[in-house]
Amino acid sequence: GSAVKIELSCRLADKYSYMKILQVTWKRGNETIKHINKTENSWGIQLTISENRKLGSYTCTVTGEEEFSVAFHLQVPQIEGREKPVISYEGDSAILICKSHSYTPIAWTWYMTNGSEQIAINDSLMLDKYIIDRTDANVTHLKILKLTKEDDGAYWCEAAYELGKSKGKLKLKILSLMVPLKPFLAIVAEVVILVPLILLFEFYSKKKRAEDEKEFDQIEQL
Amino acid sequence: MGFLLGAFATRLSHLYLSVGLLAGLGWALVFTPSLGAVSRYFPTRRAMATGLAMAGASVVGLALGPLVPLLLDAYGWRGSLLVLAALSFNLMVAGALLRPLDVTIEMESPRPPAPRGQGGLRELLHHGPFLRYALAFVLVDAGYYVPHVHGPARAQEVGCDEQRAGLVMAVTAVADGVGRVVAGLLAARPTASLLRHLFAWSVLTGLALLLLPLGTSFGGLTALALAYGFCAGAIVPLQFTGVAEVVGAGRLLHAIGLMQMFESVGSLLGAPFAGWLRDLTGDFKVSFLAAGAFLLAGSLLILTLPSFFRTSRSDGSGTEGVPDPVPKGLELSSVPLSPPN
């Protein structure tokens, strides 16, 4: 694949220029990297990133009377999952979507969690259950058909890049139709009770008014 | 029923038919008679009553703001449609409550019966002032809904997160409700001219829309949105009671129905047009300017109505529905006829 050349540099703020600098270290983990003195107050390193091993956190530490440290995190693009669960119903189907912004992954893989294990989903094996849409390379859709309670749980979409992989988490929650049915029936019951009550009340008060008028007429006639 | 059927939809076209067509039809069939009923019950305080009635819609709109996301998080879209369907069935309760007084008012009112049947409708189409009134509201509607539809997107455009965008919309809804009531109260005074109030509020709304692009911070946007909401809400009761001044109370229902039909053209095109302008120019500034322009254009049309420059107020309860371009002030003595006992 193609390698990326990148230069990282750190600079001490002007207000500390009085400080006598004893040591400047560039490290990745425990491994020290030789740096170059760019200017009086800045130091840099040049890296060629060609494989996953070279990714990670690079730190620059400046030691004098005080010690200052800064870190660069080189990583593959992070995939965003969804915080809120996707809600669907038994027998219905659901679509889980993952997007990679700016960068196009080489491949996408979907995993479902079974207990504590992550199992890859093979859509060619289970054609009537899972469909993975790969028309757009930057986006992946996992369509799950004929949902059951067992499909409830966490799913992972993994994007593979040249330099590494990145995962996003999504949650799928399966409800039975009974769940929204309860508030539905409660409210409809309220309507079914109120409407006849109101109409009965109207009918009764109309009758009463008619009776009052009849009484009135009868009194007038007397 | 539309919502209920929509909960079981398996394709987008199902939703178009159930929630769009059926529920929309239901809402339309409920709306006009409700307005007509309120007008019949309170012929002398029509504006205030309508204002209060329409404020009820604001309350629910405000409540739905946080309620719908809660429903969606708990039940997904199918379950939410189910619950909303149940809530909508309560319209039947409201309908049942509306019936009682109708017969008594009819018996007491001495005014001659309004012309019934299709004749009234066709006459309306030739009624110059009515057509101008309806056209005014086609223009008004083209701009009116732009903040409602694109508001959250605009809020996020100026840097608000989802929560704050929701807050801006909620504030607008509250201001809208208050505006409806206040406008109704102001118009209830006997010396008030409905059409002049309507003109004033729609001009103010247009100006508020023109100023909206200036809101580039959460605070600024909220303040301007509040002003917009208040003025926009004020238009609502006056729009429907103003119809009586233009065509007379006898043809109120026909006129409202016809006007709403024309208006829907404006509202259908307004928000997408604003969206198109945004895609064209990169942000919503021009969209809001255009919306304001529509509002002001509609206001100008209201100026052309014959009833506008009349000094004595006609509440429309004494005239029959005969199309006349002659100012009604000459015939009517402005004293509401009292029912015989």
# chains A, B, ... in the order shown; residues from 1 in each chain; ligands from 1
call {"tool": "interface_residues", "arguments": {"of": "chain A", "to": "chain B", "cutoff": "8 Å", "atoms": "only C-alpha atoms", "output": "list in words"}}
result
Lys84, Pro85, Val86, Ile87, Ser88, Leu175, Leu177, Val179, Pro180, Leu181, Pro183, Phe184, Leu185, Ile187, Val188, Val191, Leu194, Val195, Ile198, Leu199 and Glu202 of chain A
call {"tool": "write_last_selection", "arguments": {"atoms": "all heavy atoms", "output": "compact mmCIF listing (two decimals), in the first residue's frame"}}
result
# COMPACT_ATOMS: atom_id res chain seq x y z
N LYS A 84 -28.40 5.78 21.10
CA LYS A 84 -29.75 5.30 21.39
C LYS A 84 -30.03 4.03 20.61
O LYS A 84 -29.64 3.92 19.45
CB LYS A 84 -30.77 6.36 20.97
CG LYS A 84 -30.74 7.58 21.83
CD LYS A 84 -32.05 8.35 21.67
CE LYS A 84 -31.88 9.77 22.19
NZ LYS A 84 -32.81 10.68 21.57
N PRO A 85 -30.72 3.09 21.22
CA PRO A 85 -31.00 1.84 20.49
C PRO A 85 -31.98 2.06 19.36
O PRO A 85 -32.83 2.93 19.42
CB PRO A 85 -31.61 0.94 21.57
CG PRO A 85 -32.05 1.85 22.64
CD PRO A 85 -31.20 3.06 22.60
N VAL A 86 -31.85 1.25 18.32
CA VAL A 86 -32.82 1.24 17.24
C VAL A 86 -33.97 0.35 17.70
O VAL A 86 -33.75 -0.78 18.13
CB VAL A 86 -32.18 0.66 15.95
CG1 VAL A 86 -33.22 0.50 14.87
CG2 VAL A 86 -31.05 1.56 15.50
N ILE A 87 -35.17 0.86 17.61
CA ILE A 87 -36.32 0.10 18.14
C ILE A 87 -37.07 -0.54 16.99
O ILE A 87 -37.39 0.12 16.00
CB ILE A 87 -37.29 1.03 18.89
CG1 ILE A 87 -36.52 1.84 19.89
CG2 ILE A 87 -38.39 0.22 19.51
CD1 ILE A 87 -37.08 1.87 21.24
N SER A 88 -37.35 -1.82 17.11
CA SER A 88 -38.16 -2.47 16.10
C SER A 88 -39.01 -3.55 16.76
O SER A 88 -38.88 -3.81 17.96
CB SER A 88 -37.27 -3.07 15.02
OG SER A 88 -38.04 -3.30 13.87
N LEU A 175 -39.14 -5.12 20.47
CA LEU A 175 -40.30 -5.10 21.36
C LEU A 175 -41.39 -5.98 20.77
O LEU A 175 -41.46 -6.19 19.57
CB LEU A 175 -40.85 -3.68 21.49
CG LEU A 175 -39.92 -2.59 22.01
CD1 LEU A 175 -40.60 -1.24 21.87
CD2 LEU A 175 -39.59 -2.84 23.46
N LEU A 177 -45.47 -6.41 20.07
CA LEU A 177 -46.54 -5.46 19.77
C LEU A 177 -47.38 -5.11 20.99
O LEU A 177 -48.05 -4.10 21.03
CB LEU A 177 -47.44 -6.00 18.66
CG LEU A 177 -47.10 -5.46 17.28
CD1 LEU A 177 -47.86 -6.20 16.20
CD2 LEU A 177 -47.42 -3.97 17.20
N VAL A 179 -46.38 -4.09 23.70
CA VAL A 179 -45.85 -2.97 24.49
C VAL A 179 -46.56 -1.65 24.19
O VAL A 179 -47.06 -1.01 25.11
CB VAL A 179 -44.32 -2.85 24.28
CG1 VAL A 179 -43.76 -1.65 24.98
CG2 VAL A 179 -43.64 -4.12 24.76
N PRO A 180 -46.63 -1.19 22.93
CA PRO A 180 -47.35 0.06 22.72
C PRO A 180 -48.85 -0.15 22.75
O PRO A 180 -49.63 0.80 22.87
CB PRO A 180 -46.89 0.50 21.32
CG PRO A 180 -46.55 -0.75 20.63
CD PRO A 180 -46.06 -1.71 21.67
N LEU A 181 -49.29 -1.39 22.66
CA LEU A 181 -50.72 -1.66 22.64
C LEU A 181 -51.35 -1.26 23.96
O LEU A 181 -52.49 -0.79 23.99
CB LEU A 181 -50.95 -3.15 22.38
CG LEU A 181 -52.27 -3.52 21.70
CD1 LEU A 181 -52.38 -2.82 20.36
CD2 LEU A 181 -52.35 -5.02 21.51
N PRO A 183 -50.71 1.34 26.22
CA PRO A 183 -51.18 2.73 26.29
C PRO A 183 -52.26 3.02 25.25
O PRO A 183 -53.19 3.80 25.50
CB PRO A 183 -49.93 3.57 26.04
CG PRO A 183 -48.91 2.64 25.50
CD PRO A 183 -49.27 1.27 25.96
N PHE A 184 -52.15 2.40 24.07
CA PHE A 184 -53.15 2.60 23.02
C PHE A 184 -54.53 2.21 23.54
O PHE A 184 -55.48 2.98 23.46
CB PHE A 184 -52.78 1.76 21.80
CG PHE A 184 -53.80 1.78 20.72
CD1 PHE A 184 -53.90 2.86 19.87
CD2 PHE A 184 -54.68 0.71 20.55
CE1 PHE A 184 -54.85 2.88 18.86
CE2 PHE A 184 -55.63 0.73 19.54
CZ PHE A 184 -55.72 1.82 18.70
N LEU A 185 -54.65 1.01 24.08
CA LEU A 185 -55.95 0.53 24.55
C LEU A 185 -56.46 1.37 25.70
O LEU A 185 -57.65 1.66 25.79
CB LEU A 185 -55.85 -0.94 24.96
CG LEU A 185 -55.69 -1.90 23.78
CD1 LEU A 185 -55.47 -3.33 24.29
CD2 LEU A 185 -56.90 -1.87 22.87
N ILE A 187 -55.95 4.57 26.24
CA ILE A 187 -56.50 5.85 25.76
C ILE A 187 -57.79 5.62 24.99
O ILE A 187 -58.75 6.38 25.13
CB ILE A 187 -55.46 6.58 24.89
CG1 ILE A 187 -54.19 6.82 25.68
CG2 ILE A 187 -56.01 7.90 24.40
CD1 ILE A 187 -53.07 7.45 24.89
N VAL A 188 -57.84 4.58 24.15
CA VAL A 188 -59.07 4.32 23.41
C VAL A 188 -60.20 4.00 24.37
O VAL A 188 -61.34 4.41 24.15
CB VAL A 188 -58.85 3.16 22.40
CG1 VAL A 188 -60.16 2.76 21.77
CG2 VAL A 188 -57.87 3.57 21.33
N VAL A 191 -61.66 7.13 25.52
CA VAL A 191 -62.53 7.74 24.52
C VAL A 191 -63.87 7.03 24.46
O VAL A 191 -64.93 7.65 24.45
CB VAL A 191 -61.84 7.72 23.13
CG1 VAL A 191 -62.80 8.21 22.06
CG2 VAL A 191 -60.58 8.56 23.15
N LEU A 194 -65.91 8.11 27.41
CA LEU A 194 -66.32 9.51 27.46
C LEU A 194 -67.38 9.86 26.43
O LEU A 194 -68.34 10.57 26.74
CB LEU A 194 -65.11 10.42 27.25
CG LEU A 194 -64.26 10.74 28.49
CD1 LEU A 194 -63.14 11.66 28.10
CD2 LEU A 194 -65.12 11.37 29.56
N VAL A 195 -67.21 9.39 25.19
CA VAL A 195 -68.11 9.84 24.12
C VAL A 195 -69.56 9.48 24.41
O VAL A 195 -70.44 10.34 24.36
CB VAL A 195 -67.63 9.31 22.74
CG1 VAL A 195 -68.65 9.62 21.67
CG2 VAL A 195 -66.29 9.92 22.39
N ILE A 198 -70.90 11.69 27.24
CA ILE A 198 -71.23 13.06 26.85
C ILE A 198 -72.52 13.10 26.06
O ILE A 198 -73.39 13.93 26.29
CB ILE A 198 -70.07 13.68 26.04
CG1 ILE A 198 -68.83 13.81 26.92
CG2 ILE A 198 -70.47 15.03 25.49
CD1 ILE A 198 -67.62 14.26 26.17
N LEU A 199 -72.66 12.15 25.09
CA LEU A 199 -73.87 12.15 24.26
C LEU A 199 -75.10 11.87 25.11
O LEU A 199 -76.16 12.47 24.93
CB LEU A 199 -73.72 11.12 23.14
CG LEU A 199 -72.64 11.47 22.11
CD1 LEU A 199 -72.52 10.36 21.07
CD2 LEU A 199 -72.97 12.79 21.41
N GLU A 202 -75.98 14.99 26.99
CA GLU A 202 -76.65 15.94 26.10
C GLU A 202 -78.10 15.56 25.89
O GLU A 202 -79.00 16.39 25.96
CB GLU A 202 -75.98 15.95 24.74
CG GLU A 202 -74.79 16.83 24.63
CD GLU A 202 -74.15 16.64 23.27
OE1 GLU A 202 -74.90 16.59 22.28
OE2 GLU A 202 -72.93 16.50 23.24
call {"tool": "select_by_dssp", "arguments": {"residues": "segment 174-334 of chain B", "states": "helix (DSSP H, G or I)", "output": "PyMOL selection string"}}
result
chain B and resi 174-188+194-214+218-247+249-281+285-303+306-309+328-330
call {"tool": "residues_around", "arguments": {"residues": "segment 236-245 of chain B", "least_positions_apart": "3", "cutoff": "7 Å", "atoms": "only C-alpha atoms", "output": "number ranges by chain"}}
result
B: 46-47, 50-51, 54, 180, 184, 194-195, 198, 233, 248-249, 252, 256, 314-316
call {"tool": "write_last_selection", "arguments": {"atoms": "N, CA and C atoms", "output": "PDB file, in the first residue's frame"}}
result
ATOM      1  N   ARG B  46     -66.148  36.896  18.465  1.00  0.00           N
ATOM      2  CA  ARG B  46     -65.602  35.858  17.611  1.00  0.00           C
ATOM      3  C   ARG B  46     -64.081  35.799  17.671  1.00  0.00           C
ATOM      4  N   ALA B  47     -63.445  36.990  17.622  1.00  0.00           N
ATOM      5  CA  ALA B  47     -61.985  37.008  17.528  1.00  0.00           C
ATOM      6  C   ALA B  47     -61.360  36.432  18.789  1.00  0.00           C
ATOM      7  N   THR B  50     -62.004  32.651  18.979  1.00  0.00           N
ATOM      8  CA  THR B  50     -61.162  31.918  18.040  1.00  0.00           C
ATOM      9  C   THR B  50     -59.721  31.912  18.528  1.00  0.00           C
ATOM     10  N   GLY B  51     -59.285  33.057  19.066  1.00  0.00           N
ATOM     11  CA  GLY B  51     -57.917  33.126  19.572  1.00  0.00           C
ATOM     12  C   GLY B  51     -57.677  32.089  20.655  1.00  0.00           C
ATOM     13  N   MET B  54     -57.692  28.519  19.157  1.00  0.00           N
ATOM     14  CA  MET B  54     -56.491  28.170  18.425  1.00  0.00           C
ATOM     15  C   MET B  54     -55.278  28.096  19.340  1.00  0.00           C
ATOM     16  N   ARG B 180     -51.729  34.173  19.953  1.00  0.00           N
ATOM     17  CA  ARG B 180     -53.096  33.889  19.532  1.00  0.00           C
ATOM     18  C   ARG B 180     -54.095  34.473  20.515  1.00  0.00           C
ATOM     19  N   GLY B 184     -56.549  37.822  19.990  1.00  0.00           N
ATOM     20  CA  GLY B 184     -57.985  37.669  20.155  1.00  0.00           C
ATOM     21  C   GLY B 184     -58.530  38.701  21.128  1.00  0.00           C
ATOM     22  N   LEU B 194     -60.844  44.368  12.590  1.00  0.00           N
ATOM     23  CA  LEU B 194     -60.146  43.093  12.447  1.00  0.00           C
ATOM     24  C   LEU B 194     -59.104  43.152  11.341  1.00  0.00           C
ATOM     25  N   LEU B 195     -59.504  43.715  10.209  1.00  0.00           N
ATOM     26  CA  LEU B 195     -58.595  43.691   9.073  1.00  0.00           C
ATOM     27  C   LEU B 195     -57.357  44.539   9.333  1.00  0.00           C
ATOM     28  N   LEU B 198     -55.161  42.590  11.521  1.00  0.00           N
ATOM     29  CA  LEU B 198     -54.563  41.519  10.731  1.00  0.00           C
ATOM     30  C   LEU B 198     -53.403  42.061   9.909  1.00  0.00           C
ATOM     31  N   GLY B 233     -48.470  33.896  15.633  1.00  0.00           N
ATOM     32  CA  GLY B 233     -49.643  33.363  16.319  1.00  0.00           C
ATOM     33  C   GLY B 233     -50.799  34.338  16.252  1.00  0.00           C
ATOM     34  N   GLY B 248     -69.058  38.197   4.991  1.00  0.00           N
ATOM     35  CA  GLY B 248     -70.272  38.091   5.787  1.00  0.00           C
ATOM     36  C   GLY B 248     -70.364  36.741   6.478  1.00  0.00           C
ATOM     37  N   ALA B 249     -71.036  36.712   7.638  1.00  0.00           N
ATOM     38  CA  ALA B 249     -71.048  35.497   8.464  1.00  0.00           C
ATOM     39  C   ALA B 249     -71.809  34.370   7.807  1.00  0.00           C
ATOM     40  N   LEU B 252     -69.442  32.105   5.966  1.00  0.00           N
ATOM     41  CA  LEU B 252     -68.167  31.942   6.661  1.00  0.00           C
ATOM     42  C   LEU B 252     -67.552  30.578   6.403  1.00  0.00           C
ATOM     43  N   ILE B 256     -64.084  29.812   4.553  1.00  0.00           N
ATOM     44  CA  ILE B 256     -62.926  29.259   5.249  1.00  0.00           C
ATOM     45  C   ILE B 256     -62.404  28.031   4.518  1.00  0.00           C
ATOM     46  N   SER B 314     -67.966  46.217  11.288  1.00  0.00           N
ATOM     47  CA  SER B 314     -69.109  45.321  11.102  1.00  0.00           C
ATOM     48  C   SER B 314     -68.687  43.944  11.583  1.00  0.00           C
ATOM     49  N   ASP B 315     -69.459  43.391  12.517  1.00  0.00           N
ATOM     50  CA  ASP B 315     -69.077  42.059  12.970  1.00  0.00           C
ATOM     51  C   ASP B 315     -69.666  40.995  12.077  1.00  0.00           C
ATOM     52  N   GLY B 316     -70.359  41.456  11.023  1.00  0.00           N
ATOM     53  CA  GLY B 316     -70.811  40.499  10.017  1.00  0.00           C
ATOM     54  C   GLY B 316     -72.026  39.698  10.423  1.00  0.00           C
TER      55      GLY B 316
END
call {"tool": "atom_distance", "arguments": {"atom1": "atom CA of Gly91 of chain A", "atom2": "atom CA of Asp136 of chain A"}}
result
27.6 Å
call {"tool": "residues_around", "arguments": {"residues": "segment 113-128 of chain A", "least_positions_apart": "4", "cutoff": "12 Å", "atoms": "only C-alpha atoms", "output": "list in words"}}
result
Ser93, Trp108, Thr109, Ile132, Asp133, Arg134, His141, Leu142, Lys143, Ile144, Leu145, Lys146, Leu147, Glu150, Asp151, Asp152, Gly153, Ala154, Tyr155, Trp156, Cys157, Glu158, Lys167, Lys169, Leu170, Lys171 and Leu172 of chain A
call {"tool": "select_by_dssp", "arguments": {"residues": "segment 76-165 of chain A", "states": "strand (DSSP E)", "output": "ChimeraX atom specification"}}
result
/A:86-89,94-99,107-114,117-120,130-133,139-144,153-161,164-165
call {"tool": "atom_distance", "arguments": {"atom1": "atom CA of Ala234 of chain B", "atom2": "atom CA of Gly26 of chain B"}}
result
25.3 Å
call {"tool": "closest_residue", "arguments": {"among": "B:Val146, B:Leu296, B:Val60, B:Val168", "to": "Gly219 of chain B", "atoms": "only C-alpha atoms"}}
result
B:Val168
call {"tool": "closest_residue", "arguments": {"among": "A:Phe68, A:Tyr18, A:Trp26, A:Tyr89", "to": "Ser176 of chain A", "atoms": "only C-alpha atoms"}}
result
A:Tyr89
call {"tool": "closest_residue", "arguments": {"among": "B:Ala55, B:Trp27, B:Leu125, B:Thr172", "to": "Leu224 of chain B", "atoms": "only C-alpha atoms"}}
result
B:Thr172
call {"tool": "atom_distance", "arguments": {"atom1": "atom CA of Ala23 of chain B", "atom2": "atom CA of Phe3 of chain B"}}
result
6.5 Å
call {"tool": "residues_around", "arguments": {"residues": "Tyr145 of chain B", "least_positions_apart": "5", "cutoff": "10 Å", "atoms": "only C-alpha atoms", "output": "PyMOL selection string"}}
result
chain B and resi 140+150-151+232+266-268+270-271+274+291
call {"tool": "write_last_selection", "arguments": {"atoms": "all heavy atoms", "output": "PDB file, in the first residue's frame"}}
result
ATOM      1  N   VAL B 140     -49.021  34.591   2.396  1.00  0.00           N
ATOM      2  CA  VAL B 140     -48.637  34.522   3.811  1.00  0.00           C
ATOM      3  C   VAL B 140     -48.166  33.113   4.149  1.00  0.00           C
ATOM      4  O   VAL B 140     -47.144  32.923   4.794  1.00  0.00           O
ATOM      5  CB  VAL B 140     -49.825  34.935   4.709  1.00  0.00           C
ATOM      6  CG1 VAL B 140     -49.569  34.529   6.143  1.00  0.00           C
ATOM      7  CG2 VAL B 140     -50.049  36.427   4.608  1.00  0.00           C
ATOM      8  N   HIS B 150     -37.860  24.776   8.932  1.00  0.00           N
ATOM      9  CA  HIS B 150     -36.407  24.852   8.867  1.00  0.00           C
ATOM     10  C   HIS B 150     -35.785  25.394  10.142  1.00  0.00           C
ATOM     11  O   HIS B 150     -34.568  25.535  10.209  1.00  0.00           O
ATOM     12  CB  HIS B 150     -35.992  25.745   7.687  1.00  0.00           C
ATOM     13  CG  HIS B 150     -36.395  25.189   6.352  1.00  0.00           C
ATOM     14  ND1 HIS B 150     -35.844  24.050   5.829  1.00  0.00           N
ATOM     15  CD2 HIS B 150     -37.305  25.621   5.450  1.00  0.00           C
ATOM     16  CE1 HIS B 150     -36.405  23.815   4.652  1.00  0.00           C
ATOM     17  NE2 HIS B 150     -37.290  24.738   4.400  1.00  0.00           N
ATOM     18  N   GLY B 151     -36.599  25.723  11.146  1.00  0.00           N
ATOM     19  CA  GLY B 151     -36.096  26.290  12.382  1.00  0.00           C
ATOM     20  C   GLY B 151     -34.966  25.505  13.013  1.00  0.00           C
ATOM     21  O   GLY B 151     -33.887  26.043  13.247  1.00  0.00           O
ATOM     22  N   ALA B 232     -46.703  35.730  14.546  1.00  0.00           N
ATOM     23  CA  ALA B 232     -47.291  34.711  13.682  1.00  0.00           C
ATOM     24  C   ALA B 232     -48.533  34.116  14.327  1.00  0.00           C
ATOM     25  O   ALA B 232     -49.525  33.851  13.655  1.00  0.00           O
ATOM     26  CB  ALA B 232     -46.260  33.618  13.398  1.00  0.00           C
ATOM     27  N   GLY B 266     -49.886  27.557  -1.183  1.00  0.00           N
ATOM     28  CA  GLY B 266     -48.811  28.389  -0.648  1.00  0.00           C
ATOM     29  C   GLY B 266     -47.950  27.613   0.334  1.00  0.00           C
ATOM     30  O   GLY B 266     -46.717  27.637   0.258  1.00  0.00           O
ATOM     31  N   SER B 267     -48.615  26.922   1.266  1.00  0.00           N
ATOM     32  CA  SER B 267     -47.827  26.254   2.293  1.00  0.00           C
ATOM     33  C   SER B 267     -47.064  25.070   1.730  1.00  0.00           C
ATOM     34  O   SER B 267     -45.961  24.769   2.170  1.00  0.00           O
ATOM     35  CB  SER B 267     -48.723  25.829   3.456  1.00  0.00           C
ATOM     36  OG  SER B 267     -49.867  25.182   2.983  1.00  0.00           O
ATOM     37  N   LEU B 268     -47.655  24.385   0.710  1.00  0.00           N
ATOM     38  CA  LEU B 268     -46.960  23.260   0.097  1.00  0.00           C
ATOM     39  C   LEU B 268     -45.674  23.690  -0.565  1.00  0.00           C
ATOM     40  O   LEU B 268     -44.668  22.994  -0.520  1.00  0.00           O
ATOM     41  CB  LEU B 268     -47.851  22.628  -0.971  1.00  0.00           C
ATOM     42  CG  LEU B 268     -48.572  21.340  -0.591  1.00  0.00           C
ATOM     43  CD1 LEU B 268     -49.473  20.921  -1.725  1.00  0.00           C
ATOM     44  CD2 LEU B 268     -47.574  20.245  -0.290  1.00  0.00           C
ATOM     45  N   GLY B 270     -44.065  26.743  -0.098  1.00  0.00           N
ATOM     46  CA  GLY B 270     -43.226  27.670   0.646  1.00  0.00           C
ATOM     47  C   GLY B 270     -41.987  27.056   1.259  1.00  0.00           C
ATOM     48  O   GLY B 270     -40.865  27.507   1.012  1.00  0.00           O
ATOM     49  N   ALA B 271     -42.180  25.992   2.057  1.00  0.00           N
ATOM     50  CA  ALA B 271     -41.031  25.424   2.768  1.00  0.00           C
ATOM     51  C   ALA B 271     -40.018  24.777   1.816  1.00  0.00           C
ATOM     52  O   ALA B 271     -38.815  24.992   1.972  1.00  0.00           O
ATOM     53  CB  ALA B 271     -41.511  24.444   3.829  1.00  0.00           C
ATOM     54  N   ALA B 274     -37.987  27.469   0.255  1.00  0.00           N
ATOM     55  CA  ALA B 274     -36.982  27.993   1.184  1.00  0.00           C
ATOM     56  C   ALA B 274     -35.796  27.034   1.267  1.00  0.00           C
ATOM     57  O   ALA B 274     -34.640  27.453   1.336  1.00  0.00           O
ATOM     58  CB  ALA B 274     -37.602  28.199   2.562  1.00  0.00           C
ATOM     59  N   ALA B 291     -39.099  34.530   2.774  1.00  0.00           N
ATOM     60  CA  ALA B 291     -40.317  34.295   3.548  1.00  0.00           C
ATOM     61  C   ALA B 291     -40.911  35.616   4.015  1.00  0.00           C
ATOM     62  O   ALA B 291     -42.126  35.839   3.936  1.00  0.00           O
ATOM     63  CB  ALA B 291     -40.015  33.389   4.735  1.00  0.00           C
TER      64      ALA B 291
END
call {"tool": "closest_residue", "arguments": {"among": "B:Ser299, B:Thr191, B:Ser287, B:Gln260", "to": "Leu209 of chain B", "atoms": "only C-alpha atoms"}}
result
B:Ser287
call {"tool": "residues_around", "arguments": {"residues": "Lys20 of chain A", "least_positions_apart": "6", "cutoff": "9 Å", "atoms": "only C-alpha atoms", "output": "number ranges by chain"}}
result
A: 63-65
call {"tool": "write_last_selection", "arguments": {"atoms": "N, CA and C atoms", "output": "mmCIF file, in the first residue's frame"}}
result
data_model
loop_
_atom_site.group_PDB
_atom_site.id
_atom_site.type_symbol
_atom_site.label_atom_id
_atom_site.label_comp_id
_atom_site.auth_asym_id
_atom_site.auth_seq_id
_atom_site.Cartn_x
_atom_site.Cartn_y
_atom_site.Cartn_z
ATOM 1 N N THR A 63 11.542 18.810 29.499
ATOM 2 C CA THR A 63 11.858 18.856 30.925
ATOM 3 C C THR A 63 12.779 20.020 31.223
ATOM 4 N N GLY A 64 12.405 20.857 32.158
ATOM 5 C CA GLY A 64 13.278 21.947 32.624
ATOM 6 C C GLY A 64 13.008 22.089 34.099
ATOM 7 N N GLU A 65 12.755 23.294 34.545
ATOM 8 C CA GLU A 65 12.339 23.426 35.947
ATOM 9 C C GLU A 65 10.991 22.765 36.136
#
call {"tool": "closest_residue", "arguments": {"among": "B:Leu212, B:Leu124, B:Leu131, B:Ala53", "to": "Val181 of chain B", "atoms": "only C-alpha atoms"}}
result
B:Ala53
call {"tool": "closest_residue", "arguments": {"among": "A:Cys60, A:Leu12, A:Leu55, A:Leu22", "to": "Asn41 of chain A", "atoms": "only C-alpha atoms"}}
result
A:Leu12
